[in-house]
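Engineer: Have a look at this one before I ask anything.
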Amino acid sequence: MNRLEKILLIDDSESDNFVHERLLKKENVAKEIITKYSGEEALEYLSTIVEKKYPKPDLIFLDINMPGMNGWEFLEHYKDLEIEKKGGIVITMLTTSSSEEDRIKASQNPNINRFENKPLTKERLYDILEKHFPDRFTP
């Protein structure tokens with residue numbers, strides 16, 4: 001199985017990041033898993049050249065409710081990033097929010113590919129990978 005190059009977790013919760021990172025590592029679906037604890041940190045990461053290129057993760061898991069810059073505010077800034085900083089990134093909102101308003105708002109945002117509730121499970125992870133990366137992950 002081919003793996004993704006990078007997955008970026010954006011969440012202020014250390015325990016959620018621990019659980020999600022552990023699942024991603026156990027399933028061996030990415031060569032690198034990066035964790036950022038705020039929208040600001042994530043934007044800085046996406047805008048920083050490393051080894052002569054931007055990091056461009058394949059997949060981002062984004063929390064909505066974070067102090068400082070929340071997930072919606074991150075997306076406002078993200079949409080203004082230059083294309084070479086975005087790449088072909090798939091964004092999944094991964095949240096504890098049960099708000100129907102958040103779900104509708106996410107479905108209307110062209111930068112969001114999925115809206116899932118925490119915690120990420122093995123089944124939902126593979127559903128996301130098979131749908132958005134069918135060339136690398138097949139059932």
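Starting from 1 in every chain, residues are counted up; chains themselves are A, B, ... following the order of the structure tokens, and ligands are numbered from 1 as listed.
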Using only C-alpha atoms, which protein or nucleic acid residues come within 9 Å of region 94-100 of chain A? Drop anything in the same chain fewer than 4 positions from it, and give the result as an MDAnalysis selection string.
Structural biologist: chainID A and resid 11 61:65 104:105 114:120
Engineer: Please produce an output containing all heavy atoms for each residue in the selection, written as a short mmCIF file (atom, residue, chain, number, x, y, z; two decimals), in the first residue's frame.
Structural biologist:
```cif
data_model
loop_
_atom_site.label_atom_id
_atom_site.label_comp_id
_atom_site.auth_asym_id
_atom_site.auth_seq_id
_atom_site.Cartn_x
_atom_site.Cartn_y
_atom_site.Cartn_z
N ASP A 11 -5.27 20.90 16.15
CA ASP A 11 -6.19 20.74 17.27
C ASP A 11 -5.48 21.18 18.54
O ASP A 11 -4.32 20.83 18.75
CB ASP A 11 -6.59 19.25 17.38
CG ASP A 11 -7.79 19.03 18.27
OD1 ASP A 11 -7.97 19.78 19.25
OD2 ASP A 11 -8.55 18.09 17.99
N PHE A 61 -6.54 17.31 9.20
CA PHE A 61 -7.65 17.15 10.12
C PHE A 61 -7.72 18.42 10.95
O PHE A 61 -6.76 18.75 11.65
CB PHE A 61 -7.47 15.92 11.02
CG PHE A 61 -7.65 14.63 10.28
CD1 PHE A 61 -6.55 13.84 9.96
CD2 PHE A 61 -8.92 14.19 9.92
CE1 PHE A 61 -6.72 12.65 9.27
CE2 PHE A 61 -9.09 13.00 9.23
CZ PHE A 61 -8.00 12.22 8.91
N LEU A 62 -8.83 19.14 10.86
CA LEU A 62 -8.96 20.47 11.46
C LEU A 62 -10.07 20.49 12.50
O LEU A 62 -11.21 20.14 12.20
CB LEU A 62 -9.28 21.48 10.34
CG LEU A 62 -9.59 22.91 10.73
CD1 LEU A 62 -8.37 23.57 11.39
CD2 LEU A 62 -10.03 23.70 9.50
N ASP A 63 -9.73 20.93 13.71
CA ASP A 63 -10.72 21.10 14.76
C ASP A 63 -11.41 22.45 14.55
O ASP A 63 -10.81 23.38 14.01
CB ASP A 63 -10.03 21.06 16.13
CG ASP A 63 -10.99 21.10 17.30
OD1 ASP A 63 -12.17 20.70 17.13
OD2 ASP A 63 -10.58 21.53 18.39
N ILE A 64 -12.66 22.57 15.00
CA ILE A 64 -13.36 23.86 14.89
C ILE A 64 -13.07 24.72 16.11
O ILE A 64 -12.65 25.87 15.99
CB ILE A 64 -14.90 23.66 14.77
CG1 ILE A 64 -15.25 22.98 13.46
CG2 ILE A 64 -15.60 25.02 14.87
CD1 ILE A 64 -16.74 22.67 13.31
N ASN A 65 -13.32 24.17 17.29
CA ASN A 65 -13.26 24.96 18.52
C ASN A 65 -11.86 24.97 19.12
O ASN A 65 -11.47 24.02 19.79
CB ASN A 65 -14.28 24.42 19.53
CG ASN A 65 -15.68 24.50 18.98
OD1 ASN A 65 -16.09 25.53 18.47
ND2 ASN A 65 -16.41 23.40 19.06
N ILE A 104 -23.65 22.28 8.19
CA ILE A 104 -24.12 22.96 6.97
C ILE A 104 -23.04 23.92 6.46
O ILE A 104 -22.72 23.95 5.28
CB ILE A 104 -25.45 23.69 7.23
CG1 ILE A 104 -26.57 22.66 7.45
CG2 ILE A 104 -25.80 24.63 6.08
CD1 ILE A 104 -27.84 23.24 8.03
N LYS A 105 -22.47 24.70 7.38
CA LYS A 105 -21.41 25.65 7.02
C LYS A 105 -20.23 24.91 6.37
O LYS A 105 -19.67 25.36 5.37
CB LYS A 105 -20.96 26.41 8.28
CG LYS A 105 -20.05 27.57 8.02
CD LYS A 105 -19.81 28.32 9.34
CE LYS A 105 -18.86 29.47 9.17
NZ LYS A 105 -18.60 30.18 10.42
N ARG A 114 -14.71 16.96 4.16
CA ARG A 114 -15.47 16.08 5.07
C ARG A 114 -15.74 16.80 6.38
O ARG A 114 -14.99 17.68 6.77
CB ARG A 114 -14.66 14.82 5.41
CG ARG A 114 -14.39 13.87 4.30
CD ARG A 114 -15.57 13.03 3.98
NE ARG A 114 -15.82 11.99 4.95
CZ ARG A 114 -15.78 10.72 4.66
NH1 ARG A 114 -15.45 10.30 3.47
NH2 ARG A 114 -16.07 9.82 5.59
N PHE A 115 -16.75 16.32 7.09
CA PHE A 115 -17.06 16.80 8.43
C PHE A 115 -17.30 15.56 9.26
O PHE A 115 -18.21 14.77 8.98
CB PHE A 115 -18.33 17.66 8.38
CG PHE A 115 -18.66 18.33 9.69
CD1 PHE A 115 -18.28 19.64 9.93
CD2 PHE A 115 -19.39 17.67 10.67
CE1 PHE A 115 -18.60 20.27 11.13
CE2 PHE A 115 -19.71 18.29 11.87
CZ PHE A 115 -19.32 19.60 12.10
N GLU A 116 -16.44 15.32 10.23
CA GLU A 116 -16.52 14.11 11.06
C GLU A 116 -16.47 14.49 12.54
O GLU A 116 -15.85 15.47 12.90
CB GLU A 116 -15.34 13.17 10.77
CG GLU A 116 -15.31 12.61 9.37
CD GLU A 116 -16.35 11.52 9.12
OE1 GLU A 116 -16.92 11.00 10.10
OE2 GLU A 116 -16.59 11.20 7.95
N ASN A 117 -17.11 13.67 13.35
CA ASN A 117 -17.03 13.88 14.79
C ASN A 117 -15.87 13.10 15.39
O ASN A 117 -15.52 12.04 14.91
CB ASN A 117 -18.35 13.49 15.46
CG ASN A 117 -19.43 14.52 15.20
OD1 ASN A 117 -20.24 14.36 14.31
ND2 ASN A 117 -19.42 15.60 15.95
N LYS A 118 -15.30 13.68 16.45
CA LYS A 118 -14.22 13.02 17.18
C LYS A 118 -14.80 11.90 18.00
O LYS A 118 -15.95 11.99 18.40
CB LYS A 118 -13.54 14.01 18.13
CG LYS A 118 -12.76 15.10 17.47
CD LYS A 118 -12.17 15.96 18.56
CE LYS A 118 -11.47 17.17 18.03
NZ LYS A 118 -10.99 18.04 19.10
N PRO A 119 -14.02 10.92 18.31
CA PRO A 119 -12.66 10.69 17.81
C PRO A 119 -12.68 10.04 16.44
O PRO A 119 -13.66 9.41 16.04
CB PRO A 119 -12.08 9.74 18.86
CG PRO A 119 -13.25 8.93 19.31
CD PRO A 119 -14.43 9.88 19.27
N LEU A 120 -11.59 10.21 15.72
CA LEU A 120 -11.41 9.54 14.44
C LEU A 120 -11.29 8.05 14.71
O LEU A 120 -10.57 7.63 15.61
CB LEU A 120 -10.14 10.06 13.76
CG LEU A 120 -9.83 9.51 12.38
CD1 LEU A 120 -10.90 9.89 11.38
CD2 LEU A 120 -8.46 10.03 11.92
#
```
Engineer: Neighbouring residues of Glu73 (chain A) were defined as those with any atom within 12 Å, considering only C-alpha atoms; residues of the same chain fewer than 2 positions away were excluded. Please report them as a ChimeraX atom specification.
Structural biologist: /A:38-40,42-43,62-71,75-80
Engineer: Which residues in chain A does DSSP call strand (DSSP E)? List them as a list in words.
Structural biologist: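 In chain A, DSSP puts these residues in strand (DSSP E): Leu4, Glu5, Lys6, Ile7, Leu8, Leu9, Ile10, Ala30, Lys31, Glu32, Ile33, Ile34, Thr35, Lys36, Leu59, Ile60, Phe61, Leu62, Val90, Ile91, Thr92, Met93, Leu94, Thr95, Arg114, Phe115, Glu116 and Asn117 of chain A.
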Engineer: Near Pro57 (chain A), within 10 Å and counting only C-alpha atoms, which residues show up once chain neighbours fewer than 2 positions away are dropped, as number ranges by chain?
Structural biologist: A: 4-9, 30, 32-34, 46, 54-55, 59-60, 85-91
